[in-house]
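Everything below belongs to data34.csv, which stores CSV, C-alpha atoms.
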```csv
chain,number,residue,atom,x,y,z
A,1,MET,CA,113.1,-34.7,-116.9
A,2,PHE,CA,110.9,-36.0,-119.7
A,3,THR,CA,107.7,-37.0,-118.0
A,4,ARG,CA,104.8,-39.0,-119.2
A,5,ARG,CA,102.7,-35.8,-119.4
A,6,ASP,CA,105.4,-34.2,-121.7
A,7,PHE,CA,105.3,-37.3,-123.9
A,8,LEU,CA,101.5,-37.2,-124.2
A,9,LYS,CA,101.6,-33.5,-125.0
A,10,LYS,CA,104.2,-34.0,-127.7
A,11,LEU,CA,102.2,-36.9,-129.0
A,12,LEU,CA,99.0,-34.8,-129.1
A,13,TRP,CA,100.8,-31.9,-130.9
A,14,THR,CA,102.5,-34.3,-133.4
A,15,GLY,CA,99.1,-35.9,-134.1
A,16,LEU,CA,97.4,-32.6,-134.6
A,17,ALA,CA,100.2,-31.3,-136.8
A,18,GLY,CA,100.0,-34.6,-138.9
A,19,VAL,CA,96.2,-34.2,-139.3
A,20,GLY,CA,96.6,-30.5,-140.2
A,21,LEU,CA,99.3,-31.3,-142.8
A,22,TYR,CA,97.2,-34.1,-144.3
A,23,THR,CA,94.2,-31.8,-144.4
A,24,ALA,CA,96.2,-29.0,-146.0
A,25,THR,CA,97.5,-31.4,-148.7
A,26,ARG,CA,93.9,-32.4,-149.6
A,27,PHE,CA,93.1,-28.7,-150.3
A,28,LEU,CA,96.0,-28.3,-152.8
A,29,PRO,CA,94.8,-28.0,-156.4
A,30,ARG,CA,95.3,-31.2,-158.4
A,31,PRO,CA,96.2,-31.6,-162.1
A,32,PRO,CA,93.3,-32.3,-164.5
A,33,ARG,CA,92.6,-35.9,-165.5
A,34,LYS,CA,93.3,-36.6,-169.2
A,35,VAL,CA,90.8,-38.8,-171.0
A,36,LEU,CA,91.5,-40.1,-174.5
A,37,VAL,CA,88.4,-40.3,-176.8
A,38,LYS,CA,89.2,-42.8,-179.6
A,39,GLU,CA,85.8,-42.6,-181.3
A,40,GLN,CA,85.7,-40.9,-184.7
A,41,LEU,CA,83.0,-38.3,-184.7
A,42,LYS,CA,81.2,-36.8,-187.7
A,43,PRO,CA,80.2,-33.1,-187.8
A,44,GLY,CA,77.1,-32.5,-185.6
A,45,GLN,CA,77.5,-35.9,-183.9
A,46,ILE,CA,77.5,-36.0,-180.0
A,47,LEU,CA,79.3,-38.5,-177.9
A,48,ILE,CA,78.2,-39.0,-174.3
A,49,LYS,CA,81.0,-40.0,-171.9
A,50,GLU,CA,81.0,-40.6,-168.2
A,51,SER,CA,81.8,-36.9,-167.2
A,52,PHE,CA,81.6,-34.9,-170.4
A,53,PHE,CA,79.9,-34.6,-173.9
A,54,VAL,CA,82.0,-34.3,-177.0
A,55,LYS,CA,80.5,-32.6,-180.1
A,56,MET,CA,82.2,-32.3,-183.5
A,57,THR,CA,81.7,-28.8,-185.0
A,58,SER,CA,83.0,-27.3,-188.2
A,59,LYS,CA,85.9,-25.8,-186.2
A,60,GLY,CA,86.8,-29.0,-184.5
A,61,PRO,CA,85.8,-31.0,-181.4
A,62,VAL,CA,84.2,-29.2,-178.4
A,63,ALA,CA,84.0,-30.9,-175.0
A,64,LEU,CA,81.4,-29.8,-172.4
A,65,SER,CA,81.3,-30.9,-168.8
A,66,ARG,CA,78.3,-33.1,-167.9
A,67,ARG,CA,78.2,-31.5,-164.4
A,68,CYS,CA,75.3,-29.1,-164.1
A,69,PRO,CA,76.7,-25.7,-163.0
A,70,HIS,CA,73.8,-25.4,-160.5
A,71,LEU,CA,74.5,-28.3,-158.1
A,72,GLY,CA,76.7,-30.8,-160.0
A,73,CYS,CA,74.1,-33.4,-161.1
A,74,LEU,CA,75.1,-35.4,-164.2
A,75,LEU,CA,73.3,-33.9,-167.3
A,76,THR,CA,71.5,-36.1,-169.8
A,77,TYR,CA,70.9,-35.6,-173.5
A,78,ALA,CA,67.3,-35.0,-174.5
A,79,SER,CA,67.2,-36.2,-178.1
A,80,GLU,CA,63.7,-34.9,-178.9
A,81,GLU,CA,64.5,-31.4,-177.8
A,82,LYS,CA,68.1,-31.6,-178.9
A,83,SER,CA,69.3,-30.1,-175.6
A,84,PHE,CA,71.1,-31.1,-172.4
A,85,VAL,CA,68.9,-31.5,-169.4
A,86,CYS,CA,69.7,-31.7,-165.7
A,87,PRO,CA,67.6,-34.5,-164.2
A,88,CYS,CA,67.7,-33.1,-160.7
A,89,HIS,CA,66.3,-29.5,-161.2
A,90,GLN,CA,65.5,-29.4,-164.9
A,91,SER,CA,68.0,-26.8,-166.0
A,92,ARG,CA,68.3,-26.9,-169.8
A,93,PHE,CA,71.2,-26.1,-172.1
A,94,ASP,CA,71.5,-26.0,-175.9
A,95,LEU,CA,74.0,-28.2,-177.8
A,96,SER,CA,76.7,-25.5,-177.6
A,97,GLY,CA,76.4,-25.5,-173.8
A,98,ARG,CA,74.5,-22.2,-173.6
A,99,TYR,CA,72.0,-21.8,-170.7
A,100,LEU,CA,68.4,-22.0,-171.8
A,101,ALA,CA,66.2,-22.4,-168.7
A,102,GLY,CA,66.1,-23.5,-165.1
A,103,PRO,CA,67.9,-22.6,-161.9
A,104,ALA,CA,71.5,-23.1,-163.2
A,105,LYS,CA,71.7,-19.5,-164.7
A,106,ARG,CA,74.9,-20.1,-166.4
A,107,ASP,CA,76.4,-21.9,-169.4
A,108,LEU,CA,78.0,-25.3,-169.2
A,109,PHE,CA,81.8,-25.5,-168.5
A,110,LYS,CA,83.9,-26.0,-171.6
A,111,LEU,CA,86.8,-28.4,-171.2
A,112,PRO,CA,90.1,-28.1,-173.0
A,113,VAL,CA,90.5,-30.5,-175.9
A,114,LYS,CA,93.6,-31.5,-177.9
A,115,LYS,CA,93.6,-33.4,-181.2
A,116,THR,CA,96.2,-36.2,-181.4
A,117,GLU,CA,96.8,-39.0,-183.8
A,118,GLY,CA,95.2,-41.5,-181.5
A,119,GLY,CA,92.0,-39.4,-180.9
A,120,ILE,CA,90.9,-36.4,-178.8
A,121,ILE,CA,92.4,-35.8,-175.4
A,122,VAL,CA,89.9,-34.1,-173.0
A,123,GLU,CA,91.1,-32.5,-169.8
A,124,VAL,CA,88.7,-33.1,-167.0
A,125,PRO,CA,89.2,-31.1,-163.7
A,126,SER,CA,89.9,-33.4,-160.7
T,127,MET,CA,44.0,-37.5,-118.2
T,128,SER,CA,46.9,-35.6,-119.9
T,129,ARG,CA,50.2,-37.5,-120.3
T,130,SER,CA,53.5,-36.3,-119.0
T,131,LEU,CA,55.7,-38.5,-121.1
T,132,PRO,CA,55.8,-39.5,-124.8
T,133,ARG,CA,54.0,-42.8,-125.6
T,134,ARG,CA,55.9,-45.8,-124.5
T,135,TRP,CA,55.3,-47.9,-127.6
T,136,VAL,CA,56.6,-45.1,-129.9
T,137,SER,CA,59.8,-44.6,-127.8
T,138,TRP,CA,60.6,-48.2,-127.6
T,139,GLY,CA,59.5,-48.8,-131.2
T,140,LEU,CA,62.1,-46.2,-132.1
T,141,THR,CA,64.8,-47.9,-130.1
T,142,ALA,CA,63.9,-51.3,-131.4
T,143,SER,CA,63.9,-50.1,-135.0
T,144,PHE,CA,67.2,-48.3,-134.6
T,145,PHE,CA,68.7,-51.4,-133.0
T,146,LEU,CA,67.4,-53.7,-135.8
T,147,ALA,CA,68.7,-51.2,-138.4
T,148,LEU,CA,72.2,-51.4,-136.9
T,149,VAL,CA,72.2,-55.2,-136.7
T,150,SER,CA,70.9,-55.6,-140.3
T,151,GLY,CA,73.5,-52.9,-141.3
T,152,LEU,CA,76.3,-55.1,-140.0
T,153,ILE,CA,75.0,-57.9,-142.3
T,154,VAL,CA,74.6,-55.9,-145.4
T,155,SER,CA,77.8,-53.9,-145.0
T,156,TYR,CA,80.0,-57.0,-144.8
T,157,PRO,CA,80.1,-57.8,-148.5
T,158,PHE,CA,79.8,-54.2,-149.6
T,159,ARG,CA,82.6,-52.8,-151.7
T,160,GLU,CA,82.9,-49.0,-152.0
T,161,GLU,CA,84.6,-49.0,-155.4
T,162,ILE,CA,81.6,-50.8,-157.0
T,163,PRO,CA,78.7,-49.6,-154.8
T,164,LEU,CA,75.8,-50.4,-157.1
T,165,VAL,CA,77.2,-53.7,-158.3
T,166,SER,CA,77.9,-54.8,-154.7
T,167,THR,CA,74.5,-53.6,-153.5
T,168,VAL,CA,72.8,-55.7,-156.2
T,169,GLY,CA,75.3,-58.5,-155.5
T,170,LEU,CA,74.2,-58.7,-151.8
T,171,GLU,CA,71.3,-60.8,-153.1
T,172,THR,CA,73.7,-63.5,-154.3
T,173,VAL,CA,76.6,-63.1,-151.9
T,174,ILE,CA,74.8,-63.6,-148.6
T,175,PRO,CA,71.8,-65.9,-147.9
T,176,PHE,CA,68.5,-63.9,-148.0
T,177,GLY,CA,70.5,-60.9,-149.1
T,178,ALA,CA,67.5,-59.2,-150.8
T,179,PHE,CA,65.5,-59.6,-147.6
T,180,PHE,CA,68.3,-58.2,-145.4
T,181,ARG,CA,68.8,-55.2,-147.7
T,182,ALA,CA,65.0,-54.4,-147.7
T,183,PHE,CA,64.9,-55.1,-143.9
T,184,HIS,CA,67.7,-52.6,-143.3
T,185,TYR,CA,65.9,-50.1,-145.5
T,186,TYR,CA,62.6,-50.4,-143.7
T,187,THR,CA,64.1,-50.4,-140.2
T,188,GLY,CA,65.9,-47.2,-141.1
T,189,GLN,CA,62.7,-45.6,-142.4
T,190,LEU,CA,60.8,-46.7,-139.3
T,191,THR,CA,63.6,-45.2,-137.1
T,192,PHE,CA,63.2,-41.9,-138.9
T,193,LEU,CA,59.4,-41.8,-138.9
T,194,LEU,CA,59.2,-42.9,-135.2
T,195,LEU,CA,61.8,-40.3,-134.3
T,196,GLY,CA,59.6,-37.6,-135.8
T,197,TRP,CA,56.6,-38.9,-134.0
T,198,HIS,CA,58.6,-39.1,-130.7
T,199,LEU,CA,59.7,-35.5,-131.2
T,200,VAL,CA,56.1,-34.3,-131.7
T,201,GLU,CA,54.9,-36.1,-128.6
T,202,ALA,CA,57.9,-34.8,-126.6
T,203,LEU,CA,57.0,-31.2,-127.6
T,204,MET,CA,53.3,-31.8,-126.8
T,205,VAL,CA,54.1,-33.0,-123.2
T,206,ARG,CA,56.6,-30.1,-122.9
T,207,ALA,CA,59.5,-32.5,-122.4
T,208,GLU,CA,62.0,-29.8,-123.0
T,209,LYS,CA,61.1,-28.3,-119.6
T,210,ARG,CA,62.5,-31.4,-117.8
T,211,ARG,CA,65.8,-31.1,-119.7
T,212,SER,CA,68.6,-28.8,-119.1
T,213,PRO,CA,69.3,-26.4,-122.0
T,214,ARG,CA,72.5,-28.4,-122.8
T,215,ALA,CA,70.7,-31.7,-122.7
T,216,TRP,CA,67.9,-30.3,-125.0
T,217,PHE,CA,70.6,-28.9,-127.3
T,218,PHE,CA,72.2,-32.4,-127.7
T,219,LEU,CA,68.8,-34.2,-128.0
T,220,VAL,CA,67.7,-31.9,-130.8
T,221,GLY,CA,71.2,-32.2,-132.4
T,222,SER,CA,70.6,-35.9,-132.8
T,223,LEU,CA,67.8,-35.2,-135.3
T,224,PRO,CA,70.0,-33.9,-138.2
T,225,LEU,CA,72.5,-36.7,-137.4
T,226,VAL,CA,69.8,-39.4,-137.8
T,227,THR,CA,68.6,-37.6,-141.0
T,228,LEU,CA,72.2,-37.6,-142.3
T,229,ALA,CA,72.6,-41.2,-141.5
T,230,LEU,CA,69.5,-42.1,-143.4
T,231,PHE,CA,70.5,-39.8,-146.3
T,232,THR,CA,74.0,-41.3,-146.6
T,233,GLY,CA,72.4,-44.7,-146.7
T,234,TYR,CA,70.7,-43.7,-150.0
T,235,ILE,CA,74.1,-42.4,-151.3
T,236,VAL,CA,76.0,-45.6,-150.6
T,237,ARG,CA,73.6,-47.7,-152.7
T,238,GLY,CA,75.3,-46.1,-155.7
T,239,ASP,CA,72.3,-46.0,-157.9
T,240,GLN,CA,71.2,-43.0,-159.9
T,241,THR,CA,68.9,-41.6,-157.1
T,242,GLY,CA,71.6,-42.0,-154.5
T,243,LEU,CA,74.5,-40.6,-156.5
T,244,SER,CA,72.5,-37.6,-157.7
T,245,ALA,CA,71.4,-36.9,-154.1
T,246,GLY,CA,75.1,-37.2,-153.1
T,247,GLN,CA,76.2,-34.8,-155.7
T,248,ILE,CA,73.6,-32.3,-154.7
T,249,ALA,CA,74.5,-32.7,-151.0
T,250,GLU,CA,78.2,-32.2,-151.9
T,251,HIS,CA,77.5,-28.9,-153.6
T,252,LEU,CA,75.1,-27.8,-150.8
T,253,ALA,CA,77.8,-28.7,-148.1
T,254,LEU,CA,80.2,-26.5,-150.0
T,255,LYS,CA,77.8,-23.6,-149.7
T,256,LEU,CA,78.1,-23.7,-145.9
T,257,PRO,CA,80.0,-20.6,-144.7
T,258,PHE,CA,83.5,-21.3,-143.3
T,259,LEU,CA,82.9,-25.0,-142.6
T,260,GLY,CA,81.8,-26.1,-146.1
T,261,VAL,CA,84.9,-27.7,-147.3
T,262,VAL,CA,85.5,-29.6,-144.0
T,263,VAL,CA,81.9,-30.8,-143.8
T,264,ASN,CA,82.0,-32.0,-147.4
T,265,ARG,CA,85.3,-33.8,-146.8
T,266,LEU,CA,83.8,-35.5,-143.7
T,267,LEU,CA,80.4,-36.5,-145.1
T,268,PHE,CA,80.4,-36.6,-148.9
T,269,SER,CA,83.3,-35.7,-151.3
T,270,ILE,CA,81.4,-37.8,-153.9
T,271,SER,CA,83.2,-36.3,-156.9
T,272,GLU,CA,86.6,-37.2,-155.6
T,273,GLU,CA,86.2,-40.3,-153.4
T,274,GLY,CA,83.0,-41.9,-154.7
T,275,VAL,CA,80.8,-43.2,-151.8
T,276,HIS,CA,83.7,-43.8,-149.4
T,277,ARG,CA,83.0,-40.8,-147.1
T,278,ALA,CA,79.3,-41.3,-147.2
T,279,PHE,CA,79.7,-44.9,-146.3
T,280,MET,CA,81.9,-44.0,-143.4
T,281,ALA,CA,79.6,-41.3,-142.3
T,282,HIS,CA,76.6,-43.7,-142.5
T,283,ILE,CA,78.3,-46.2,-140.2
T,284,TYR,CA,79.9,-43.7,-137.8
T,285,LEU,CA,76.9,-41.4,-137.4
T,286,SER,CA,74.4,-44.3,-136.8
T,287,LEU,CA,76.7,-45.9,-134.3
T,288,ALA,CA,77.5,-42.6,-132.5
T,289,VAL,CA,73.9,-41.5,-132.2
T,290,PHE,CA,72.7,-45.0,-131.0
T,291,VAL,CA,75.5,-45.5,-128.5
T,292,LEU,CA,75.5,-42.0,-127.1
T,293,SER,CA,71.7,-41.8,-126.8
T,294,GLY,CA,71.7,-45.4,-125.5
T,295,LEU,CA,74.0,-44.4,-122.7
T,296,TRP,CA,72.3,-41.2,-121.8
T,297,HIS,CA,68.7,-40.9,-123.2
T,298,PHE,CA,67.5,-44.5,-122.8
T,299,ARG,CA,68.7,-47.8,-121.4
T,300,LEU,CA,69.1,-50.4,-124.1
T,301,ARG,CA,69.1,-53.2,-121.6
T,302,THR,CA,65.5,-52.3,-120.6
T,303,LEU,CA,64.3,-52.9,-124.2
T,304,ARG,CA,61.8,-55.7,-124.0
T,305,LEU,CA,62.0,-58.7,-126.2
T,306,ASP,CA,58.3,-58.5,-127.2
T,307,ASP,CA,58.9,-54.9,-128.4
T,308,LEU,CA,61.9,-56.0,-130.4
T,309,LEU,CA,60.0,-59.0,-131.9
T,310,LEU,CA,57.0,-56.8,-132.8
T,311,TRP,CA,59.1,-54.3,-134.8
T,312,PHE,CA,61.2,-57.1,-136.3
T,313,LEU,CA,58.0,-58.7,-137.6
T,314,LEU,CA,56.7,-55.4,-139.0
T,315,ALA,CA,59.9,-54.5,-140.8
T,316,GLY,CA,60.2,-58.2,-141.9
T,317,ILE,CA,56.7,-58.2,-143.4
T,318,LEU,CA,57.4,-55.0,-145.2
T,319,ALA,CA,60.7,-56.4,-146.5
T,320,LEU,CA,59.1,-59.6,-147.7
T,321,PHE,CA,56.2,-58.0,-149.6
T,322,TRP,CA,57.7,-54.7,-150.8
T,323,PRO,CA,61.2,-55.2,-152.2
T,324,VAL,CA,63.3,-52.0,-152.4
T,325,SER,CA,64.1,-51.0,-156.0
T,326,LEU,CA,67.4,-49.6,-157.3
T,327,GLU,CA,67.8,-47.4,-160.4
T,328,ALA,CA,70.8,-48.1,-162.6
T,329,GLU,CA,72.3,-45.1,-164.4
T,330,SER,CA,70.0,-44.1,-167.2
T,331,PHE,CA,69.3,-41.0,-169.3
T,332,ALA,CA,66.0,-40.3,-167.5
T,333,PRO,CA,65.2,-36.6,-167.8
T,334,LEU,CA,64.0,-36.5,-164.2
T,335,ILE,CA,65.5,-38.0,-161.0
T,336,LYS,CA,63.7,-37.8,-157.7
T,337,GLY,CA,65.7,-37.9,-154.5
T,338,PRO,CA,64.8,-39.7,-151.3
T,339,TRP,CA,61.2,-38.9,-150.3
T,340,PHE,CA,62.2,-36.8,-147.3
T,341,PHE,CA,64.5,-34.8,-149.6
T,342,LEU,CA,61.9,-34.0,-152.2
T,343,GLY,CA,60.9,-30.7,-150.5
T,344,VAL,CA,64.5,-29.4,-150.6
T,345,GLN,CA,64.9,-30.7,-154.2
T,346,GLU,CA,61.8,-28.8,-155.2
T,347,LEU,CA,62.8,-25.6,-153.4
T,348,LEU,CA,66.2,-25.7,-155.1
T,349,ARG,CA,64.4,-25.1,-158.4
T,350,HIS,CA,63.2,-21.7,-157.2
T,351,LEU,CA,65.7,-20.4,-154.7
T,352,PRO,CA,69.5,-20.0,-154.6
T,353,PRO,CA,71.2,-23.1,-153.2
T,354,PHE,CA,72.3,-21.4,-150.0
T,355,TRP,CA,68.8,-20.4,-149.0
T,356,ALA,CA,67.0,-23.5,-150.3
T,357,GLY,CA,69.6,-26.1,-149.3
T,358,VAL,CA,71.2,-24.6,-146.2
T,359,VAL,CA,69.1,-21.9,-144.5
T,360,PHE,CA,65.7,-23.5,-145.0
T,361,PRO,CA,66.6,-27.0,-143.7
T,362,LEU,CA,68.3,-25.5,-140.7
T,363,LEU,CA,65.3,-23.4,-139.7
T,364,PRO,CA,63.4,-26.2,-137.9
T,365,LEU,CA,66.6,-27.1,-136.0
T,366,LEU,CA,66.9,-23.6,-134.8
T,367,ALA,CA,63.2,-23.4,-133.9
T,368,LEU,CA,63.6,-26.7,-131.9
T,369,TRP,CA,66.6,-25.3,-130.0
T,370,LEU,CA,64.7,-22.1,-129.2
T,371,TYR,CA,61.5,-24.0,-128.3
T,372,ARG,CA,62.7,-24.3,-124.7
T,373,PHE,CA,62.9,-20.5,-124.4
T,374,CYS,CA,60.0,-19.2,-126.5
T,375,PRO,CA,57.7,-22.2,-127.3
T,376,ARG,CA,54.9,-20.0,-128.9
T,377,VAL,CA,57.0,-18.4,-131.6
T,378,ALA,CA,59.2,-21.5,-132.1
T,379,GLY,CA,56.0,-23.7,-132.4
T,380,MET,CA,54.5,-21.3,-135.0
T,381,VAL,CA,57.8,-21.4,-137.0
T,382,LEU,CA,57.9,-25.2,-136.8
T,383,SER,CA,54.2,-25.6,-137.9
T,384,LEU,CA,54.7,-23.1,-140.8
T,385,TRP,CA,57.9,-24.8,-141.9
T,386,LEU,CA,56.2,-28.3,-141.8
T,387,GLY,CA,53.3,-27.0,-143.8
T,388,ILE,CA,55.5,-25.5,-146.4
T,389,TYR,CA,57.7,-28.6,-146.5
T,390,PHE,CA,54.7,-30.9,-146.9
T,391,TRP,CA,53.4,-28.8,-149.8
T,392,LEU,CA,56.9,-28.7,-151.5
T,393,THR,CA,57.2,-32.5,-151.1
T,394,CYS,CA,53.7,-33.0,-152.7
T,395,VAL,CA,54.7,-30.7,-155.6
T,396,GLY,CA,58.1,-32.6,-156.0
T,397,ALA,CA,56.4,-36.0,-155.9
T,398,TRP,CA,53.7,-34.9,-158.4
T,399,ARG,CA,56.3,-33.9,-161.1
```

What does the file become when written as structure tokens?
Amino acid sequence: MFTRRDFLKKLLWTGLAGVGLYTATRFLPRPPRKVLVKEQLKPGQILIKESFFVKMTSKGPVALSRRCPHLGCLLTYASEEKSFVCPCHQSRFDLSGRYLAGPAKRDLFKLPVKKTEGGIIVEVPS
Amino acid sequence: MSRSLPRRWVSWGLTASFFLALVSGLIVSYPFREEIPLVSTVGLETVIPFGAFFRAFHYYTGQLTFLLLGWHLVEALMVRAEKRRSPRAWFFLVGSLPLVTLALFTGYIVRGDQTGLSAGQIAEHLALKLPFLGVVVNRLLFSISEEGVHRAFMAHIYLSLAVFVLSGLWHFRLRTLRLDDLLLWFLLAGILALFWPVSLEAESFAPLIKGPWFFLGVQELLRHLPPFWAGVVFPLLPLLALWLYRFCPRVAGMVLSLWLGIYFWLTCVGAWR
């Protein structure tokens, strides 16, 4: 006979399985977000977007993540020093993303870029 | 004559401030929209009558709760209150401290200004440094980079309510809170809110952002030590010392005093920058 206890047990296990499944799907890797940059950049010019910097070099556009590799704070551009600075713990990077000083101890993450007719497409990790 | 209980006015001041923080939280959370946290925080001032006052009032009652909790804890240790509690009860009482700190901390994050979001991003990365539980803790409390302030907002509400209701049922009796106590702390927080408005910092390209005042010590230490030691082990030390205070008060007391001294010094250095 299917008792109330059996029903509650089944309900509990179904609930737990549902929560487990939902949690598991949240851990699956997600595809990167593609951001179109329409601005025309001159060589040496730097564009600051919400989550990345774009710099035009002689070899083409380069995109660098604005997330500090130390603890993920959003980097700012220090125009006097011509460098990127982490406002949280003062890590510093040159304009090519190379580590200069501070607790980060590694270079900025380079993001994949693709040139199209409409502009530059930057792939930002989700 | 030596006392055997923490001072009454501190204990009830803590309860009254916490209660007022919850009530004002209900008012300010009503028009809050997670998808535009900074805009809706600023918008409080126009959406609800006396919005700026209620926001500042919520801020100051939260700060008073945190400060009075610290004071209450010191007094409890001085009168050896842990001896009157079972190990399990002492474990849960001490466990409420990081929860209140987290509730206060997530309150900064949900404002969505530069200080709050940067503190949230740091907390997210620190949570991920936790062994085994990092991803789950981050999903429960922060997950700023994926979900904005949603998790922090939920954690702020749930943690505050859980700590207040559970300690109200078990550690104090809310119905014995006297009206004159409530009025006194209402007036104090009200005066602070009227004369010292709470500022917000919109996103800027400032080369230095300082986190919440009680986080400055951790922020400073993160410049010098790896994140796991500075952001996980060091903040957990006083918690461990408080749990062990029941069994070896001398050593735990020394660790606590040393930790507080170092943290105060780090906070001063961080504030001076």

- Task: Identify, on the basis of only C-alpha atoms, every residue whose closest approach to T:Met280 does not exceed 8 Å; exclude the query and any residue fewer than 4 positions from it along the same chain; express the result as a VMD selection string.
- Result: chain T and resid 267 276 284

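Distances here use all atoms listed in the file; by that measure, the residue among A:Leu111, A:Val35, A:Ala101, A:Leu71 closest to T:Ala253 is A:Leu71.
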
### Task
Residues of chain T near chain A: apply a cut-off of 6 Å, count only C-alpha atoms, and supply the list as a ChimeraX atom specification.
/T:244,247-248,251,331,333-335,349

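Take atom CA of T:Leu285 and atom CA of T:Ala229: the distance between them is 5.9 Å.
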
Taking (64.2, -35.3, -135.2) in the coordinates of the supplied file, I want to know which residues reach to within 6 Å of it, counting only C-alpha atoms; could you give the answer as a PyMOL selection string?
chain T and resi 195-196+223

**Message:** Neighbouring residues of T:Ala245 were defined as those with any atom within 8 Å, considering only C-alpha atoms; residues of the same chain fewer than 5 positions away were excluded. Please report them as a ChimeraX atom specification.
**Reply:** /T:234-235,337-338

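Our summary of the geometry notes that atom CA of A:Ser51 is positioned 7.9 Å from atom CA of A:Val124.
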
Residue with the minimum atom-to-atom distance to A:Ile48, picked from A:Leu64, A:Leu8, A:Leu21, A:Val113 with only C-alpha atoms counted, is A:Leu64

message: Neighbouring residues of T:Gly316 were defined as those with any atom within 10 Å, considering all atoms listed in the file; residues of the same chain fewer than 2 positions away were excluded. Please report them as a PyMOL selection string.
response: chain T and resi 179-180+182-184+186-187+310-314+318-322

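Atom CA of T:Ser137 is positioned 27.0 Å from atom CA of T:Ile388.
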